[in-house]
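Worksheet: the structure to be examined is printed underneath.
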Amino acid sequence: MREVNENGPAPADQRATAEAIERGGIGLSVTDLLARVAPGAAPQPEPEAPAAPEPSAAPRDEAALVAEVAALAGRYVPAGHLATDADFFDAGGTSVHAVELVAALETELGLTVDLDEVFADARPASLVRRAIRANGAETAGQRETAGLTVVQRETAGLTVVQRPTTGLVTTEPAPHPAPTLPSTPTDSTARPEDLAQILADLSLADRLPFVASPEPAPPRRVLLTGATGFLGSHMLLDLLRHSDAHVYCLVRAADEEAAVARLGDALKGYALPWSSEVRRRVTVLPGDIREPRLGLTADLWDRLAEELDSVVSVAAAVDFLRGYPSLRASNVLGSLTLAELAATGRPKPLHHISSVAVFNEVGIPSMGEDDPFAHVDRLVAGYDQSKWAAEVALRRARDHGLVVTALRPGGIGGHTRTGAYNPQDLSSGLLSAFARFRSVPAFRYLNAAPVDWVSRTAVAVICEPDAWGFDYNLTGVPNTLDDVVRDMAFGGMHVRVRDWEEWRADTLARLEAEPVPELAFLTRVLRSPTALKLCEATLTGPAATAERTDALVDALGLPPATRYDARAQLKTFERLAGDGLARLPHKDDQPYLWFSETTEGGVGPVGGAPDSPCSMTLTLSVASMHQLATERRVDVRGEVSCPAAHSVPLTVARGDLWVRPEEGIPHQHGLRHPLLRYRLELTDADGGRWWLEGHKYARARRDLWRQTRTLTVELGREGDPASLAGEVVVPADTYVRDQIDGIRVDPRLTGREKRAAKLTWLAWFGLEMGRGLAGPFARAAADLLDLRRTPNPTENHR
């Protein structure tokens, strides 16, 4: 069966071919069939079976244009060349390269191609055919398109073709009329040619051999694809940690050395170990899921078929802009090749990483593990279609006895401990935009879970024979809109909820005004009509349910699914901000919580009597609880009145206060434990710059109340040592009034959230101060009880 494209049979003929295959009328093995539809596969002899008539050859000038487009596209792929019927993205082209290719086609060949058309089907032959249909203007029997003038004078089955730039006139056989197909999907339906291709691809599953049940035992030899990807890399480490399996990793590379290097770089990039112990239990196989027999030699294929205990399919092309023809080789044909390996030789289970994208129909009522999938004709995005086709094809493989487990993650969030994330994942892009621009689109649910939970649960299924052969939603606990808004507010990132179209327009405007290279892919998604349908289905869809997954997790004693909340996202937010995607709270933002502090006392020359009055009127604030949890720092603003320094109060230009700096470790001899440290940058009315350093200490004494209110200070001009020193104290009658009753919280929060913020601050600060005050007493007690201490010289003479 040929790959379906504009040069091939019409959809009706493709359906006839598919039905013939289903009836067993074409005697090819699955490998042979996959070899025939693999990208770049050599032509195979046709079987002796009824076949649909092929259309006549295209006019020679059109063929020349196809060759020119292929040569131009070849500049942007690693190999430097591209076959006329090979997919641009499968050959290594990226989304950025696609943008450059569209520009080059217009400037160098005068060929206007919409970027969405490149993503839909990026084969040079298909691009030219579509450009001709889209750009052609048929008037008075003449069609001008892409530098060609086709004069419709048909004589004896010949068409006269004249290229206006050269005047060359040739005669070619008149082509059959091409079927009329929409160049872009409608608002809610897939392209007819894509549906025909999906039908043909599903029929391949029926050519799989029938197979007996595998041995129900934990696997000891596992083939894993996708180990260089985000989820696959974590699953590799979890397989090694939680089983005795030796893992064979299929890695796309030219040779074993390059494959090993690529795998090691991927693991280290996701903060995962690549040690000698990991390397000892991993065999790296250079190959490609898009190729027949995975690009392996026949001997290696046969050996794996006999030795493997399990096949784990994680590899996939995850791109929400590309169409089904561009994704099918990786996401559908690759899955069927792995199914053939699982069914060949010793029976083996196939564990397939699918996606809740199989439910991505706008308006679908539920997303349970055994609920009906979306109607495929209502899936517009190629990614959704390819995941649907792969899982449906593997369901048909179950009828042949193959044990297939479908594992469906939703959005895969960053690791809760390392913060590692997938920079090209749509969930990461949306989360970054939420934090960066402080707005979110109105949505129903976000079905997302952290990668460490998804990976650990998936590996548990792979290693538990009783869990094989079922469908699992690895979506965790869904987040509601209120959950996300509350979590971000708790982190100091107060977001505004907007209508989807308003949010999209505002985000695009911001990204265009302030380009963020790391979010360029999100810009392309938000501009793509096809990808927008995927986003709409995701944001308006129901909460995914996972009763079977929850029961299995409970039975195996694994950590239960929890909401991917602010605490779980903390490390990921930090890494997103560090990489330039997200923006964490800043001290110039609206404070999350604040209160006043006044002090009174005196200062004098260093070493002299503190006989000059000094007072401070300050406002202490925090931008977020994240700031407290990671830095234990409070922002300071206000004034310092000190006539000995300047007759006019000094203004705090920048101020920081650290709670229990250096974990409260004493400065010397264990006598004074630091409770608070103030560092203020000051300016005077004449433009002079000053600094003030202040400390509160805890000692093993009874005056604990005074210790929490007394601040020793040093004051000096910028760049000079301290010229003034002394002590200031928070008056007892203002402490409770200002620092407890006087706490203020961001007015944008609800009353409940304000109370929670205030109580959280008081609990955190009270705990830190309690630990600080207890420190000196604990040290004194330890000294008294330490019988191992070395006696001093006086004690030796007693």
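Chain labels A, B, ... are given in the sequence in which chains occur in the structure tokens; within each chain residues are numbered consecutively from 1, and ligands are likewise numbered from 1 in the order shown.
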Residue contacts of A:Lys758 (10 Å, only C-alpha atoms) excluding same-chain residues fewer than 4 positions away, as JSON, numbers by chain:
{"A": [592, 593, 594, 740, 741, 743, 744, 745, 753, 754, 762, 763, 764]}
Which residues in stretch 249-363 of chain A does DSSP call strand (DSSP E or B)? List them as an MDAnalysis selection string.
chainID A and resid 249:251 282:286 310:313 350:353
One decimal, Å: what's the distance from atom CA of A:Leu300 over to atom CA of A:Leu208, could you say?
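Atom CA of A:Leu208 lies at a distance of 19.8 Å from atom CA of A:Leu300.
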Find, counting only C-alpha atoms, the residue in A:Ala245, A:Leu223, A:Ala254, A:Leu65 that gets nearest to A:Arg280.
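Closest to A:Arg280 of all the choices is A:Ala245.
Here the question is which of A:Glu574, A:Glu361, A:Glu727, A:Asp309 gets nearest to A:Tyr421 using only C-alpha atoms, and that residue is A:Glu574.
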Please build the interface table for stretch 467-578 of chain A against stretch 311-331 of chain A with a cut-off of 12 Å, listing for each qualifying residue the nearest atom pair and the distance in Å to one decimal; count only C-alpha atoms, order rows by chain and increasing number, and write it as a Markdown table.
| residue | atom | partner | partner_atom | distance |
| --- | --- | --- | --- | --- |
| A:Trp468 | CA | A:Val312 | CA | 11.9 |
| A:Phe521 | CA | A:Leu321 | CA | 9.4 |
| A:Leu522 | CA | A:Phe320 | CA | 10.1 |
| A:Thr523 | CA | A:Leu321 | CA | 11.3 |
| A:Arg524 | CA | A:Leu321 | CA | 8.0 |
| A:Val525 | CA | A:Leu321 | CA | 6.6 |
| A:Leu526 | CA | A:Leu321 | CA | 10.0 |
| A:Arg527 | CA | A:Leu321 | CA | 9.9 |
| A:Ser528 | CA | A:Leu321 | CA | 7.0 |
| A:Pro529 | CA | A:Leu321 | CA | 9.2 |
| A:Thr530 | CA | A:Leu321 | CA | 7.0 |
| A:Ala531 | CA | A:Phe320 | CA | 5.7 |
| A:Leu532 | CA | A:Phe320 | CA | 9.2 |
| A:Lys533 | CA | A:Phe320 | CA | 10.1 |
| A:Leu534 | CA | A:Phe320 | CA | 7.7 |
| A:Cys535 | CA | A:Phe320 | CA | 9.4 |
Looking only at the backbone, which of the residues in stretch 348-572 of chain A does DSSP tag as helix (DSSP H, G or I), as a PyMOL selection string?
chain A and resi 356-359+376-378+382-398+426-437+451-463+465-467+481-490+500-513+517-527+529-540+547-556+566-572
So how many Å separate atom CA of A:Leu446 and atom CA of A:Asp238, to one decimal?
25.5 Å
Do a neighbour search on A:Ala73 at 9 Å with only C-alpha atoms, toss out local chain neighbours closer than 5 positions, and write the hits as a PyMOL selection string.
chain A and resi 68+80-82+88+93+97-98+101+104-105+124
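Closest approach to A:Glu718 among A:Glu693, A:Tyr76, A:Ser432, A:Tyr735 is made by A:Glu693 (distances from only C-alpha atoms).
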Just want the 8 Å neighbourhood of A:Ala305, counted on only C-alpha atoms, with same-chain residues fewer than 4 positions away dropped. Output as an MDAnalysis selection string.
chainID A and resid 301 341:342 344:346
Those selected residues, please, written with C-alpha atoms and delivered as a short mmCIF file (atom, residue, chain, number, x, y, z; two decimals), in the first residue's frame.
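New file again.cif:
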data_model
loop_
_atom_site.label_atom_id
_atom_site.label_comp_id
_atom_site.auth_asym_id
_atom_site.auth_seq_id
_atom_site.Cartn_x
_atom_site.Cartn_y
_atom_site.Cartn_z
CA TRP A 301 15.66 -7.88 15.35
CA LEU A 341 8.24 -6.93 17.66
CA ALA A 342 6.14 -7.75 20.71
CA THR A 344 7.30 -11.94 17.13
CA GLY A 345 9.24 -14.73 18.84
CA ARG A 346 8.49 -15.00 22.55
#
Show me, as an NGL selection string, the residues that have an atom within 7 Å of stretch 580-582 of chain A when counting only C-alpha atoms, minus same-chain residues fewer than 6 positions from it.
:A and (432-433 or 435-436 or 518-519 or 573)
Do a neighbour search on A:Ala393 at 10 Å with only C-alpha atoms, toss out local chain neighbours closer than 2 positions, and write the hits as a list of chain:residue names.
A:Ile198, A:Leu199, A:Asp201, A:Leu202, A:Ser203, A:Leu204, A:Ala205, A:Asp206, A:Val332, A:Leu333, A:Ser335, A:Leu336, A:Ala339, A:Lys387, A:Trp388, A:Ala389, A:Ala390, A:Glu391, A:Arg395, A:Arg396, A:Ala397, A:Arg398
